[in-house]
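> Mind looking over this structure? Questions follow.
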Amino acid sequence: MHKRVAVIGTGPSGITALKNLLDQGIEAVAFDRNAEVGGNWIYSEKESHSSVFETTHIISSKTLSQYEDFTFDDFDPEAADYPSHDELRRYFQAYAGHFGLYEHIRFETMVIHCRWLNQDSWEITTERAGIRQTETFTDLVVCNGHHWNPRWPKYPGEFTGEYLHSHSFKKAAPFQDKKVLVIGGGNSACDVAVETSRVSEMTAISWRRGYRIIPKFFFGKPSDKIGETSSWIPLKVRSFFFDILLNIMVGKNELYGLRKVEAKFGEIHPTINDELLYKIRHGKVKPRLDIKRFDGKKVVFENGLEEEYDAIIACTGYYLSHPFFDKSFIDYSSGPVPLYLKMFHPEYRNLYFVGMFQPLGCIWPGAELQAKIMARELAGKWKRPDNIKALCEKEVTHPHYKQINTPRHTITVDFHIFKKQLLKYLPKDYVSKDRVVKEVVEK
């Protein structure tokens with residue numbers, strides 16, 4: 001049967017899905033609402049899509065944040081250890097250009113609805129420039145990302161100052177001379193607190209639980225490279241010793257006035273940040289406890305402290321969202337995600353999710369391996385396990401980390417363990433650096 005595959009999204013996961021489909025000689029069309037590839041790594045001050053902000057750098061180092069088919073050395077050997085958003089944008093666009101992906105992408109096109117017909121067909125409705133079109137595809141690959149539908153916190157009372165989500169935060173300049181409160185302890189929250197503290201009258205950061213703050217470098221090397229050297233050690237043992245190393249190198253949170261870390265390593269996402277602790281000890285960022293209630297521009301914290309703020313920035317994560325599916329069909333916004341290898345659905349064999357996982361590391365190296373497995377199956381070169389339903393259930397009941405029960409922690413994987421699981425299903429010569437799609441002849 002002739003395969004015609006639809007790919008939703010041309011961010012880092014979407015472009016590697018498209019590339020690997022084309023490698024296998026499979027007809028594929030990718031759809032993206034933007035005018036370029038790169039997803040949220042295309043910086044824009046507009047809120048048309050969820051983009052990084054002005055000063056964003058990646059939180060994993062370049063050698064653990066690259067496609068094996070097209071490494072940073074292939075792109076720019078002088079790329080920084082932690083590339084900026086602009087370096088990454090250019091990297092993804094160079095990848096798309098190198099492998100001839102552009103002629104297979106329909107930009108400025110929204111996927112409105114996807115209707116599963118049977119195990120051999122999908123009905124997909126798209127919209128471009130106000131015109132809707134419905135087409136039939138044999139298979140669907142979902143790569144729409146999971147950092148674009150903001151999740152807002154809920155507190156009693158009402159805040160009457162400026163209240164925004166990190167989704168809308170693009171740069172620090174609008175917060176010049178303002179009193180700013182940042183909610184959250186993840187990577188975005190700590191970055192926003194650091195950046196606003198450069199220009200604000202005062203910046204505070206509110207945590208409801210303790211977070212591990214991991215510096216980007218240990219012993220002169222990227223911290224994730226240190227982690228890689230110990231990836232052969234069992235996860236529990238590795239986590240135990242990494243906690244000891246962290247306490248030696250950085251010290252306990254209490255030394256900085258921050259909440260004590262009470263969760264075991266991996267139970268909540270660690271935060272990679274070199275500047276937050278520096279800013280706290282220099283008085284530029286004030287640690288605060290959880291919020292009890294709002295009262296106009298006043299915020300009351302759980303320890304009774306009351307302070308007035310001009311602006312609050314909620315860095316409280318995103319919903320796992322697929323608006324092109326009916327909720328009665330698939331809805332992973334609040335519950336478990338029973339997908340084998342975070343990719344295969346237990347019932348719909350012609351549906352794939354690529355890049356819908358949250359590693360303690362970078363997403364797209366794993367997404368590249370997922371894409372290769374997916375493309376090989378569609379090309380008839382690999383067959384998924386027969387007990388796929390049981391394996392999907394095991395994904396939920398036996399996660400790599402036993403994390404706290406929140407919607408944010410439903411798709412977490414350990415980078416190195418996940419990579420090994422994926423590599424089991426690929427041949428030794430899985431790397432494919434050559435462009436195999438037909439060259440476009442310029443007229």
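Order determines the names: the first chain of the structure tokens is A, the second B, and so forth; residues in each chain are numbered 1 upward, and ligands are numbered 1 upward as they are shown.
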DSSP on the backbone: which residues in region 67-193 of chain A end up as strand (DSSP E or B)? Give the answer as an NGL selection string.
:A and (84 or 105-106 or 110-118 or 121-128 or 131-137 or 139-142 or 150 or 159 or 162-165 or 179-183)
> Write out, as an mmCIF file, in the first residue's frame, the residues just selected, with C-alpha atoms.

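Wrote out.cif, looks like this:
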```
data_model
loop_
_atom_site.group_PDB
_atom_site.id
_atom_site.type_symbol
_atom_site.label_atom_id
_atom_site.label_comp_id
_atom_site.auth_asym_id
_atom_site.auth_seq_id
_atom_site.Cartn_x
_atom_site.Cartn_y
_atom_site.Cartn_z
ATOM 1 C CA SER A 84 21.796 30.659 22.012
ATOM 2 C CA ILE A 105 6.534 21.691 4.063
ATOM 3 C CA ARG A 106 3.390 23.807 3.917
ATOM 4 C CA MET A 110 -2.886 25.396 10.701
ATOM 5 C CA VAL A 111 -4.022 21.834 11.242
ATOM 6 C CA ILE A 112 -7.629 22.303 12.320
ATOM 7 C CA HIS A 113 -8.878 18.752 12.752
ATOM 8 C CA CYS A 114 -7.639 15.184 12.432
ATOM 9 C CA ARG A 115 -10.213 12.399 12.121
ATOM 10 C CA TRP A 116 -9.136 8.791 12.344
ATOM 11 C CA LEU A 117 -10.996 6.713 9.764
ATOM 12 C CA ASN A 118 -9.319 3.321 10.077
ATOM 13 C CA SER A 121 -6.417 6.403 6.691
ATOM 14 C CA TRP A 122 -6.811 9.807 8.327
ATOM 15 C CA GLU A 123 -8.934 12.737 7.247
ATOM 16 C CA ILE A 124 -7.008 15.934 7.959
ATOM 17 C CA THR A 125 -8.401 19.451 7.671
ATOM 18 C CA THR A 126 -6.025 22.402 7.396
ATOM 19 C CA GLU A 127 -6.454 26.145 6.983
ATOM 20 C CA ARG A 128 -4.242 28.634 5.168
ATOM 21 C CA ILE A 131 -9.177 28.721 3.177
ATOM 22 C CA ARG A 132 -9.848 25.246 4.551
ATOM 23 C CA GLN A 133 -8.821 22.044 2.821
ATOM 24 C CA THR A 134 -9.446 18.411 3.729
ATOM 25 C CA GLU A 135 -7.119 15.636 2.557
ATOM 26 C CA THR A 136 -6.634 11.949 3.238
ATOM 27 C CA PHE A 137 -3.380 10.475 4.519
ATOM 28 C CA ASP A 139 -0.558 7.870 8.631
ATOM 29 C CA LEU A 140 -0.225 10.794 11.040
ATOM 30 C CA VAL A 141 2.884 11.934 12.925
ATOM 31 C CA VAL A 142 2.226 14.427 15.735
ATOM 32 C CA PRO A 150 -0.073 27.936 29.159
ATOM 33 C CA PHE A 159 -4.225 40.533 41.434
ATOM 34 C CA GLU A 162 0.111 43.260 35.317
ATOM 35 C CA TYR A 163 -0.315 39.475 35.294
ATOM 36 C CA LEU A 164 1.185 37.373 32.527
ATOM 37 C CA HIS A 165 2.424 33.865 31.800
ATOM 38 C CA LYS A 179 8.478 45.395 41.374
ATOM 39 C CA VAL A 180 8.236 41.921 39.862
ATOM 40 C CA LEU A 181 7.188 38.582 41.312
ATOM 41 C CA VAL A 182 8.040 35.410 39.408
ATOM 42 C CA ILE A 183 6.065 32.257 40.246
#
```
> Extract, using only C-alpha atoms, all DNA, RNA and protein residues at most 10 Å from Val192 (chain A), discarding same-chain residues fewer than 5 positions from it, and format them as a ChimeraX atom specification.
/A:53,55-56,166,169-172,181-184,187,197,203,205,276,313-315
> So which one's closest to Met343 (chain A), A:Phe357, A:Tyr309, A:Phe242, A:Tyr318? Using only C-alpha atoms, please.
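Between A:Phe357, A:Tyr309, A:Phe242, A:Tyr318, the residue approaching Met343 (chain A) most closely is A:Phe357.
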> Compile the contact shell of Gly257 (chain A) as a list in words: residues with an atom at most 9 Å away, counting only C-alpha atoms, same-chain residues fewer than 6 positions apart removed.
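These residues fall inside the cut-off: Ile280, Lys286, Pro287 and Arg288 of chain A.
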> Using only N, CA, C and O atoms, please write the residues we just selected to a file, as a short mmCIF file (atom, residue, chain, number, x, y, z; two decimals), in the first residue's frame.

```
data_model
loop_
_atom_site.label_atom_id
_atom_site.label_comp_id
_atom_site.auth_asym_id
_atom_site.auth_seq_id
_atom_site.Cartn_x
_atom_site.Cartn_y
_atom_site.Cartn_z
N ILE A 280 20.66 35.85 43.95
CA ILE A 280 20.09 35.84 45.30
C ILE A 280 21.11 36.34 46.31
O ILE A 280 20.81 37.19 47.15
N LYS A 286 14.88 38.07 45.37
CA LYS A 286 14.46 37.76 46.74
C LYS A 286 13.66 36.45 46.75
O LYS A 286 12.63 36.34 46.08
N PRO A 287 14.11 35.45 47.52
CA PRO A 287 13.34 34.20 47.62
C PRO A 287 12.06 34.41 48.43
O PRO A 287 12.08 35.08 49.46
N ARG A 288 10.97 33.82 47.97
CA ARG A 288 9.69 33.90 48.68
C ARG A 288 9.05 32.52 48.72
O ARG A 288 9.29 31.68 47.85
#
```
> If we count only C-alpha atoms and set the cut-off at 9 Å, which residues sit around Leu235 (chain A), ignoring sequence neighbours fewer than 5 positions away in its own chain? Please answer as an MDAnalysis selection string.
chainID A and resid 240 400:401 414 417
> I need the residue nearest Glu347 (chain A) from this list: A:Leu255, A:Cys143, A:Gln119, A:Gly130. Use only C-alpha atoms for the distance.
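Of A:Leu255, A:Cys143, A:Gln119, A:Gly130, the one nearest Glu347 (chain A) is A:Gln119, counting only C-alpha atoms.
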> My list of candidates is A:Ser432, A:Ser61, A:Asn144, A:Asp120. Which is closest to Asn40 (chain A) when distances are computed with only C-alpha atoms?
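For Asn40 (chain A), the nearest of the candidates is A:Asn144.
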